[in-house]
Amino acid sequence: MSDVATDVAAVIVDFHAGPALDDCVDSLHANGVTDIVVVENGEEGSTLPSLSGQHVVLVVPNSISVTDAA
């Protein structure tokens, strides 16, 4: 683990990532990152089932898809 990890927060934008999302959170935790926010950018309610619940993360629902061009 790097000393930098204690000074880092991560924001993950989830768009139907499925098991890859859980792998991403696991990897961040394994490298010492503990402040993790997941923005649910797909179908509402699709993010939590993708997380194993092993780690505490903040999941933020997003009513406006950031993949849509303005």
# chains A, B, ... in the order shown; residues from 1 in each chain; ligands from 1
$ select_by_dssp --residues "chain A" --states "helix (DSSP H, G or I)" --output "ChimeraX atom specification"
/A:3-7,19-30,48-50
$ write_last_selection --atoms "N, CA, C and O atoms" --output "mmCIF file, in the first residue's frame"
data_model
loop_
_atom_site.group_PDB
_atom_site.id
_atom_site.type_symbol
_atom_site.label_atom_id
_atom_site.label_comp_id
_atom_site.auth_asym_id
_atom_site.auth_seq_id
_atom_site.Cartn_x
_atom_site.Cartn_y
_atom_site.Cartn_z
ATOM 1 N N ASP A 3 1.654 5.346 0.600
ATOM 2 C CA ASP A 3 1.272 6.409 1.527
ATOM 3 C C ASP A 3 0.274 7.360 0.884
ATOM 4 O O ASP A 3 -0.506 7.998 1.566
ATOM 5 N N VAL A 4 0.311 7.446 -0.438
ATOM 6 C CA VAL A 4 -0.594 8.335 -1.165
ATOM 7 C C VAL A 4 -2.042 7.894 -0.995
ATOM 8 O O VAL A 4 -2.946 8.720 -0.940
ATOM 9 N N ALA A 5 -2.279 6.596 -0.875
ATOM 10 C CA ALA A 5 -3.649 6.072 -0.796
ATOM 11 C C ALA A 5 -4.427 6.664 0.364
ATOM 12 O O ALA A 5 -5.642 6.813 0.281
ATOM 13 N N THR A 6 -3.746 7.019 1.443
ATOM 14 C CA THR A 6 -4.458 7.587 2.594
ATOM 15 C C THR A 6 -4.939 9.009 2.309
ATOM 16 O O THR A 6 -5.782 9.520 3.028
ATOM 17 N N ASP A 7 -4.394 9.641 1.281
ATOM 18 C CA ASP A 7 -4.781 11.001 0.911
ATOM 19 C C ASP A 7 -5.700 11.053 -0.297
ATOM 20 O O ASP A 7 -5.954 12.123 -0.832
ATOM 21 N N PRO A 19 -20.170 -7.233 -11.919
ATOM 22 C CA PRO A 19 -19.090 -7.713 -11.046
ATOM 23 C C PRO A 19 -17.805 -6.888 -11.148
ATOM 24 O O PRO A 19 -17.013 -6.854 -10.208
ATOM 25 N N ALA A 20 -17.597 -6.203 -12.252
ATOM 26 C CA ALA A 20 -16.398 -5.366 -12.400
ATOM 27 C C ALA A 20 -16.390 -4.229 -11.377
ATOM 28 O O ALA A 20 -15.331 -3.802 -10.923
ATOM 29 N N LEU A 21 -17.577 -3.753 -11.000
ATOM 30 C CA LEU A 21 -17.676 -2.700 -9.995
ATOM 31 C C LEU A 21 -17.148 -3.203 -8.651
ATOM 32 O O LEU A 21 -16.366 -2.523 -7.981
ATOM 33 N N ASP A 22 -17.572 -4.381 -8.255
ATOM 34 C CA ASP A 22 -17.114 -4.966 -6.996
ATOM 35 C C ASP A 22 -15.601 -5.191 -7.033
ATOM 36 O O ASP A 22 -14.895 -4.907 -6.061
ATOM 37 N N ASP A 23 -15.092 -5.659 -8.176
ATOM 38 C CA ASP A 23 -13.648 -5.855 -8.333
ATOM 39 C C ASP A 23 -12.899 -4.529 -8.202
ATOM 40 O O ASP A 23 -11.819 -4.461 -7.605
ATOM 41 N N CYS A 24 -13.465 -3.472 -8.752
ATOM 42 C CA CYS A 24 -12.849 -2.155 -8.691
ATOM 43 C C CYS A 24 -12.773 -1.671 -7.242
ATOM 44 O O CYS A 24 -11.731 -1.193 -6.786
ATOM 45 N N VAL A 25 -13.874 -1.800 -6.502
ATOM 46 C CA VAL A 25 -13.900 -1.396 -5.089
ATOM 47 C C VAL A 25 -12.914 -2.237 -4.288
ATOM 48 O O VAL A 25 -12.165 -1.702 -3.456
ATOM 49 N N ASP A 26 -12.888 -3.538 -4.533
ATOM 50 C CA ASP A 26 -11.927 -4.414 -3.843
ATOM 51 C C ASP A 26 -10.491 -3.960 -4.106
ATOM 52 O O ASP A 26 -9.664 -3.931 -3.189
ATOM 53 N N SER A 27 -10.177 -3.624 -5.347
ATOM 54 C CA SER A 27 -8.833 -3.200 -5.709
ATOM 55 C C SER A 27 -8.453 -1.901 -5.006
ATOM 56 O O SER A 27 -7.336 -1.755 -4.504
ATOM 57 N N LEU A 28 -9.382 -0.968 -4.986
ATOM 58 C CA LEU A 28 -9.112 0.296 -4.296
ATOM 59 C C LEU A 28 -8.827 0.059 -2.815
ATOM 60 O O LEU A 28 -7.871 0.599 -2.258
ATOM 61 N N HIS A 29 -9.669 -0.763 -2.170
ATOM 62 C CA HIS A 29 -9.460 -1.069 -0.755
ATOM 63 C C HIS A 29 -8.145 -1.790 -0.528
ATOM 64 O O HIS A 29 -7.439 -1.508 0.447
ATOM 65 N N ALA A 30 -7.793 -2.707 -1.398
ATOM 66 C CA ALA A 30 -6.540 -3.454 -1.256
ATOM 67 C C ALA A 30 -5.329 -2.524 -1.345
ATOM 68 O O ALA A 30 -4.262 -2.835 -0.800
ATOM 69 N N LEU A 48 -26.280 -1.299 -6.098
ATOM 70 C CA LEU A 48 -26.120 -2.041 -4.839
ATOM 71 C C LEU A 48 -26.016 -3.548 -5.016
ATOM 72 O O LEU A 48 -25.170 -4.179 -4.376
ATOM 73 N N PRO A 49 -26.813 -4.172 -5.883
ATOM 74 C CA PRO A 49 -26.656 -5.627 -6.063
ATOM 75 C C PRO A 49 -25.294 -6.021 -6.643
ATOM 76 O O PRO A 49 -24.867 -7.163 -6.482
ATOM 77 N N SER A 50 -24.607 -5.089 -7.275
ATOM 78 C CA SER A 50 -23.292 -5.376 -7.848
ATOM 79 C C SER A 50 -22.176 -5.340 -6.807
ATOM 80 O O SER A 50 -21.064 -5.779 -7.066
#
$ select_by_dssp --residues "chain A" --states "strand (DSSP E)" --output "PyMOL selection string"
chain A and resi 9-14+35-40+58-61
$ write_last_selection --atoms "N, CA, C and O atoms" --output "mmCIF file, in the first residue's frame"
data_model
loop_
_atom_site.group_PDB
_atom_site.id
_atom_site.type_symbol
_atom_site.label_atom_id
_atom_site.label_comp_id
_atom_site.auth_asym_id
_atom_site.auth_seq_id
_atom_site.Cartn_x
_atom_site.Cartn_y
_atom_site.Cartn_z
ATOM 1 N N ALA A 9 -9.328 10.013 -2.360
ATOM 2 C CA ALA A 9 -10.715 9.558 -2.370
ATOM 3 C C ALA A 9 -11.023 9.170 -3.815
ATOM 4 O O ALA A 9 -10.472 9.751 -4.750
ATOM 5 N N ALA A 10 -11.881 8.186 -3.996
ATOM 6 C CA ALA A 10 -12.204 7.718 -5.347
ATOM 7 C C ALA A 10 -13.683 7.929 -5.634
ATOM 8 O O ALA A 10 -14.529 7.709 -4.770
ATOM 9 N N VAL A 11 -13.974 8.341 -6.861
ATOM 10 C CA VAL A 11 -15.352 8.438 -7.346
ATOM 11 C C VAL A 11 -15.448 7.523 -8.557
ATOM 12 O O VAL A 11 -14.696 7.666 -9.523
ATOM 13 N N ILE A 12 -16.366 6.561 -8.486
ATOM 14 C CA ILE A 12 -16.579 5.607 -9.570
ATOM 15 C C ILE A 12 -17.953 5.878 -10.162
ATOM 16 O O ILE A 12 -18.941 5.929 -9.434
ATOM 17 N N VAL A 13 -18.028 6.055 -11.461
ATOM 18 C CA VAL A 13 -19.322 6.206 -12.133
ATOM 19 C C VAL A 13 -19.702 4.840 -12.675
ATOM 20 O O VAL A 13 -19.026 4.275 -13.536
ATOM 21 N N ASP A 14 -20.784 4.276 -12.127
ATOM 22 C CA ASP A 14 -21.239 2.931 -12.503
ATOM 23 C C ASP A 14 -22.299 3.012 -13.596
ATOM 24 O O ASP A 14 -23.319 3.679 -13.437
ATOM 25 N N ASP A 35 -12.010 6.030 1.187
ATOM 26 C CA ASP A 35 -13.101 6.963 0.877
ATOM 27 C C ASP A 35 -13.515 6.751 -0.568
ATOM 28 O O ASP A 35 -12.852 7.223 -1.500
ATOM 29 N N ILE A 36 -14.640 6.035 -0.751
ATOM 30 C CA ILE A 36 -15.088 5.668 -2.100
ATOM 31 C C ILE A 36 -16.553 6.074 -2.274
ATOM 32 O O ILE A 36 -17.393 5.733 -1.449
ATOM 33 N N VAL A 37 -16.820 6.784 -3.359
ATOM 34 C CA VAL A 37 -18.184 7.168 -3.733
ATOM 35 C C VAL A 37 -18.493 6.502 -5.061
ATOM 36 O O VAL A 37 -17.697 6.574 -5.997
ATOM 37 N N VAL A 38 -19.650 5.843 -5.145
ATOM 38 C CA VAL A 38 -20.089 5.239 -6.397
ATOM 39 C C VAL A 38 -21.319 6.007 -6.870
ATOM 40 O O VAL A 38 -22.310 6.101 -6.151
ATOM 41 N N VAL A 39 -21.246 6.564 -8.074
ATOM 42 C CA VAL A 39 -22.378 7.274 -8.664
ATOM 43 C C VAL A 39 -23.111 6.285 -9.553
ATOM 44 O O VAL A 39 -22.541 5.729 -10.494
ATOM 45 N N GLU A 40 -24.384 6.070 -9.226
ATOM 46 C CA GLU A 40 -25.211 5.132 -9.990
ATOM 47 C C GLU A 40 -25.707 5.836 -11.240
ATOM 48 O O GLU A 40 -26.595 6.677 -11.187
ATOM 49 N N LEU A 58 -20.193 4.967 -0.345
ATOM 50 C CA LEU A 58 -21.357 5.821 -0.492
ATOM 51 C C LEU A 58 -21.867 5.678 -1.918
ATOM 52 O O LEU A 58 -21.122 5.904 -2.872
ATOM 53 N N VAL A 59 -23.123 5.270 -2.076
ATOM 54 C CA VAL A 59 -23.736 5.142 -3.399
ATOM 55 C C VAL A 59 -24.682 6.318 -3.588
ATOM 56 O O VAL A 59 -25.581 6.548 -2.788
ATOM 57 N N VAL A 60 -24.457 7.062 -4.663
ATOM 58 C CA VAL A 60 -25.251 8.249 -4.962
ATOM 59 C C VAL A 60 -26.065 7.981 -6.218
ATOM 60 O O VAL A 60 -25.501 7.743 -7.288
ATOM 61 N N PRO A 61 -27.398 8.000 -6.104
ATOM 62 C CA PRO A 61 -28.218 7.839 -7.323
ATOM 63 C C PRO A 61 -28.096 9.096 -8.191
ATOM 64 O O PRO A 61 -27.955 10.194 -7.683
#
